[in-house]
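Student: Handing you this structure, nothing more for now.
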Amino acid sequence: MMATAPVVRKVVEYYTIELAQLSEGGFGVSMIATTVDDEEPQLLSQELANARVDSLDDALSLVRDGVLGAKA
């Protein structure tokens, strides 16, 4: 079995975070990191999260983990 290569992210220029309160309860969270391509003059987007969580605290935790993970 081959080991999965670690995800390497470039320096993030900005994050796009979408948060929606769901009618069935909980929250939908979407988070995208945008970086600059080193080889061509273009922006690159990477989805960091797209999840349903039970509480606002869980949503903020997901966002925090996405931001901290992007700096690693």
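To be explicit about the labels: the chains of the structure tokens are called A, B, and onward in the order shown, and within each one the residues are counted from 1, while ligands get numbers from 1 in the order they are shown.
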Pull the strand (DSSP E) assignments for chain A out of DSSP run on the backbone, and list those residues as a list in words.

Tutor: Tyr14, Tyr15, Thr16, Ile17, Glu18, Leu19, Ala20, Gln21, Phe27, Gly28, Val29, Ser30, Met31, Ile32, Ala33, Thr34, Thr35, Val36, Leu43, Leu44, Ser45, Gln46, Glu47, Leu48, Ala49, Asn50, Ala51, Arg52 and Val53 of chain A

Student: Generate the output file for the selected residues, N, CA, C and O atoms, as a short mmCIF file (atom, residue, chain, number, x, y, z; two decimals), in the first residue's frame.

Tutor:
```cif
data_model
loop_
_atom_site.label_atom_id
_atom_site.label_comp_id
_atom_site.auth_asym_id
_atom_site.auth_seq_id
_atom_site.Cartn_x
_atom_site.Cartn_y
_atom_site.Cartn_z
N TYR A 14 -5.73 34.96 0.61
CA TYR A 14 -6.96 35.24 1.35
C TYR A 14 -7.84 34.00 1.40
O TYR A 14 -7.63 33.04 0.67
N TYR A 15 -8.80 34.04 2.32
CA TYR A 15 -9.76 32.96 2.50
C TYR A 15 -11.15 33.46 2.14
O TYR A 15 -11.48 34.62 2.39
N THR A 16 -11.96 32.58 1.58
CA THR A 16 -13.38 32.85 1.36
C THR A 16 -14.13 31.86 2.25
O THR A 16 -13.93 30.65 2.13
N ILE A 17 -14.94 32.40 3.15
CA ILE A 17 -15.67 31.55 4.09
C ILE A 17 -17.16 31.82 3.93
O ILE A 17 -17.59 32.98 3.97
N GLU A 18 -17.92 30.76 3.73
CA GLU A 18 -19.37 30.86 3.64
C GLU A 18 -19.96 30.09 4.81
O GLU A 18 -19.56 28.96 5.10
N LEU A 19 -20.91 30.73 5.49
CA LEU A 19 -21.55 30.13 6.65
C LEU A 19 -23.05 30.31 6.49
O LEU A 19 -23.52 31.43 6.28
N ALA A 20 -23.80 29.21 6.58
CA ALA A 20 -25.25 29.28 6.42
C ALA A 20 -25.93 28.48 7.53
O ALA A 20 -25.53 27.35 7.82
N GLN A 21 -26.94 29.09 8.13
CA GLN A 21 -27.74 28.35 9.11
C GLN A 21 -28.72 27.49 8.32
O GLN A 21 -29.43 27.97 7.43
N PHE A 27 -25.22 24.16 10.86
CA PHE A 27 -24.67 25.16 9.95
C PHE A 27 -23.92 24.48 8.81
O PHE A 27 -23.30 23.44 9.01
N GLY A 28 -23.98 25.08 7.65
CA GLY A 28 -23.16 24.66 6.53
C GLY A 28 -21.95 25.57 6.46
O GLY A 28 -22.09 26.79 6.58
N VAL A 29 -20.77 25.00 6.33
CA VAL A 29 -19.53 25.78 6.28
C VAL A 29 -18.76 25.41 5.03
O VAL A 29 -18.53 24.24 4.75
N SER A 30 -18.35 26.42 4.29
CA SER A 30 -17.50 26.24 3.12
C SER A 30 -16.33 27.19 3.27
O SER A 30 -16.49 28.35 3.64
N MET A 31 -15.12 26.68 2.99
CA MET A 31 -13.92 27.51 3.13
C MET A 31 -12.98 27.24 1.98
O MET A 31 -12.65 26.08 1.69
N ILE A 32 -12.54 28.31 1.32
CA ILE A 32 -11.64 28.22 0.18
C ILE A 32 -10.42 29.10 0.45
O ILE A 32 -10.56 30.24 0.91
N ALA A 33 -9.23 28.57 0.17
CA ALA A 33 -7.99 29.35 0.27
C ALA A 33 -7.57 29.73 -1.14
O ALA A 33 -7.60 28.92 -2.05
N THR A 34 -7.17 30.98 -1.32
CA THR A 34 -6.71 31.46 -2.62
C THR A 34 -5.23 31.80 -2.52
O THR A 34 -4.81 32.52 -1.62
N THR A 35 -4.46 31.25 -3.45
CA THR A 35 -3.01 31.49 -3.51
C THR A 35 -2.66 32.03 -4.88
O THR A 35 -3.47 32.01 -5.81
N VAL A 36 -1.42 32.49 -5.02
CA VAL A 36 -0.91 32.97 -6.31
C VAL A 36 -0.02 31.89 -6.89
O VAL A 36 0.85 31.35 -6.20
N LEU A 43 -4.53 33.21 -10.09
CA LEU A 43 -4.89 32.82 -8.73
C LEU A 43 -5.34 31.36 -8.75
O LEU A 43 -5.98 30.91 -9.69
N LEU A 44 -5.01 30.65 -7.68
CA LEU A 44 -5.42 29.26 -7.54
C LEU A 44 -6.30 29.14 -6.31
O LEU A 44 -6.03 29.73 -5.28
N SER A 45 -7.37 28.36 -6.42
CA SER A 45 -8.28 28.14 -5.30
C SER A 45 -8.19 26.69 -4.85
O SER A 45 -8.09 25.78 -5.66
N GLN A 46 -8.23 26.51 -3.53
CA GLN A 46 -8.20 25.17 -2.95
C GLN A 46 -9.29 25.09 -1.89
O GLN A 46 -9.30 25.88 -0.94
N GLU A 47 -10.20 24.13 -2.05
CA GLU A 47 -11.25 23.95 -1.06
C GLU A 47 -10.65 23.34 0.20
O GLU A 47 -10.01 22.29 0.15
N LEU A 48 -10.85 24.01 1.33
CA LEU A 48 -10.34 23.51 2.60
C LEU A 48 -11.41 22.80 3.40
O LEU A 48 -11.11 21.90 4.18
N ALA A 49 -12.67 23.24 3.24
CA ALA A 49 -13.75 22.62 4.00
C ALA A 49 -15.06 22.82 3.26
O ALA A 49 -15.27 23.83 2.60
N ASN A 50 -15.92 21.83 3.39
CA ASN A 50 -17.29 21.91 2.91
C ASN A 50 -18.05 20.90 3.75
O ASN A 50 -18.04 19.70 3.45
N ALA A 51 -18.64 21.38 4.84
CA ALA A 51 -19.20 20.45 5.82
C ALA A 51 -20.43 21.02 6.50
O ALA A 51 -20.68 22.22 6.49
N ARG A 52 -21.18 20.12 7.10
CA ARG A 52 -22.30 20.49 7.96
C ARG A 52 -21.84 20.25 9.39
O ARG A 52 -21.26 19.20 9.70
N VAL A 53 -22.06 21.23 10.26
CA VAL A 53 -21.68 21.10 11.67
C VAL A 53 -22.90 21.41 12.53
O VAL A 53 -23.86 22.04 12.08
#
```

Student: Could you work out how far atom CA of A:Val12 lies from atom CA of A:Asp58, giving the answer in Å with one decimal?

Tutor: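 So the answer is 22.6 Å.
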
Student: Pick out each residue of chain A that DSSP on the backbone tags as helix (DSSP H, G or I); I need them as a PyMOL selection string.

Tutor: chain A and resi 56-70

Student: Just all heavy atoms for this one: save the residues we selected as a CSV table (one decimal), in the first residue's frame.

Tutor:
```
chain,number,residue,atom,x,y,z
A,56,LEU,N,-22.4,26.7,16.1
A,56,LEU,CA,-21.6,27.8,15.6
A,56,LEU,C,-20.1,27.6,16.1
A,56,LEU,O,-19.2,27.9,15.4
A,56,LEU,CB,-22.2,29.1,16.1
A,56,LEU,CG,-21.5,30.4,15.6
A,56,LEU,CD1,-21.4,30.4,14.0
A,56,LEU,CD2,-22.2,31.6,16.1
A,57,ASP,N,-20.0,27.1,17.4
A,57,ASP,CA,-18.7,26.8,17.9
A,57,ASP,C,-17.9,25.8,17.0
A,57,ASP,O,-16.7,25.9,16.8
A,57,ASP,CB,-18.7,26.3,19.3
A,57,ASP,CG,-19.1,27.4,20.3
A,57,ASP,OD1,-18.8,28.5,20.0
A,57,ASP,OD2,-19.6,27.0,21.4
A,58,ASP,N,-18.6,24.8,16.5
A,58,ASP,CA,-18.0,23.8,15.6
A,58,ASP,C,-17.6,24.4,14.3
A,58,ASP,O,-16.6,24.1,13.7
A,58,ASP,CB,-19.0,22.6,15.4
A,58,ASP,CG,-19.2,21.7,16.6
A,58,ASP,OD1,-18.4,21.8,17.5
A,58,ASP,OD2,-20.2,21.0,16.6
A,59,ALA,N,-18.5,25.4,13.8
A,59,ALA,CA,-18.1,26.1,12.6
A,59,ALA,C,-16.9,26.9,12.7
A,59,ALA,O,-16.0,26.9,11.9
A,59,ALA,CB,-19.3,26.9,12.2
A,60,LEU,N,-16.8,27.6,13.8
A,60,LEU,CA,-15.6,28.4,14.1
A,60,LEU,C,-14.3,27.6,14.3
A,60,LEU,O,-13.3,27.9,13.8
A,60,LEU,CB,-15.8,29.3,15.3
A,60,LEU,CG,-16.9,30.4,15.1
A,60,LEU,CD1,-17.1,31.1,16.4
A,60,LEU,CD2,-16.5,31.4,14.0
A,61,SER,N,-14.5,26.4,14.9
A,61,SER,CA,-13.4,25.5,15.1
A,61,SER,C,-12.9,25.0,13.7
A,61,SER,O,-11.7,24.9,13.5
A,61,SER,CB,-13.8,24.3,15.9
A,61,SER,OG,-12.8,23.4,16.1
A,62,LEU,N,-13.8,24.7,12.8
A,62,LEU,CA,-13.5,24.2,11.5
A,62,LEU,C,-12.7,25.3,10.7
A,62,LEU,O,-11.7,25.0,10.1
A,62,LEU,CB,-14.8,23.8,10.7
A,62,LEU,CG,-14.6,23.2,9.3
A,62,LEU,CD1,-13.9,21.8,9.4
A,62,LEU,CD2,-16.0,23.1,8.7
A,63,VAL,N,-13.2,26.5,10.8
A,63,VAL,CA,-12.5,27.6,10.2
A,63,VAL,C,-11.1,27.8,10.8
A,63,VAL,O,-10.1,28.0,10.1
A,63,VAL,CB,-13.3,28.9,10.3
A,63,VAL,CG1,-12.5,30.1,9.9
A,63,VAL,CG2,-14.6,28.8,9.5
A,64,ARG,N,-11.0,27.8,12.1
A,64,ARG,CA,-9.7,27.9,12.8
A,64,ARG,C,-8.7,26.8,12.3
A,64,ARG,O,-7.6,27.1,11.9
A,64,ARG,CB,-9.9,27.9,14.3
A,64,ARG,CG,-8.5,28.0,15.0
A,64,ARG,CD,-8.7,28.0,16.5
A,64,ARG,NE,-9.3,26.7,16.9
A,64,ARG,CZ,-10.4,26.6,17.5
A,64,ARG,NH1,-11.1,27.6,17.8
A,64,ARG,NH2,-10.9,25.4,17.9
A,65,ASP,N,-9.2,25.6,12.2
A,65,ASP,CA,-8.4,24.5,11.8
A,65,ASP,C,-7.9,24.7,10.3
A,65,ASP,O,-6.8,24.3,10.0
A,65,ASP,CB,-9.1,23.1,12.0
A,65,ASP,CG,-9.3,22.7,13.4
A,65,ASP,OD1,-8.7,23.4,14.3
A,65,ASP,OD2,-10.1,21.8,13.6
A,66,GLY,N,-8.8,25.2,9.5
A,66,GLY,CA,-8.4,25.4,8.1
A,66,GLY,C,-7.4,26.5,8.0
A,66,GLY,O,-6.4,26.4,7.2
A,67,VAL,N,-7.5,27.6,8.8
A,67,VAL,CA,-6.5,28.6,8.7
A,67,VAL,C,-5.2,28.1,9.3
A,67,VAL,O,-4.1,28.4,8.7
A,67,VAL,CB,-7.0,29.9,9.5
A,67,VAL,CG1,-5.9,30.9,9.7
A,67,VAL,CG2,-8.2,30.5,8.8
A,68,LEU,N,-5.2,27.5,10.4
A,68,LEU,CA,-3.9,27.0,11.0
A,68,LEU,C,-3.2,25.9,10.1
A,68,LEU,O,-2.0,25.9,10.0
A,68,LEU,CB,-4.1,26.5,12.4
A,68,LEU,CG,-4.6,27.6,13.4
A,68,LEU,CD1,-4.9,27.0,14.8
A,68,LEU,CD2,-3.5,28.7,13.5
A,69,GLY,N,-4.1,25.1,9.5
A,69,GLY,CA,-3.5,24.0,8.6
A,69,GLY,C,-2.9,24.6,7.4
A,69,GLY,O,-1.9,24.1,6.9
A,70,ALA,N,-3.4,25.7,6.9
A,70,ALA,CA,-2.9,26.4,5.7
A,70,ALA,C,-1.5,27.0,5.9
A,70,ALA,O,-0.8,27.2,5.0
A,70,ALA,CB,-3.9,27.4,5.2
```
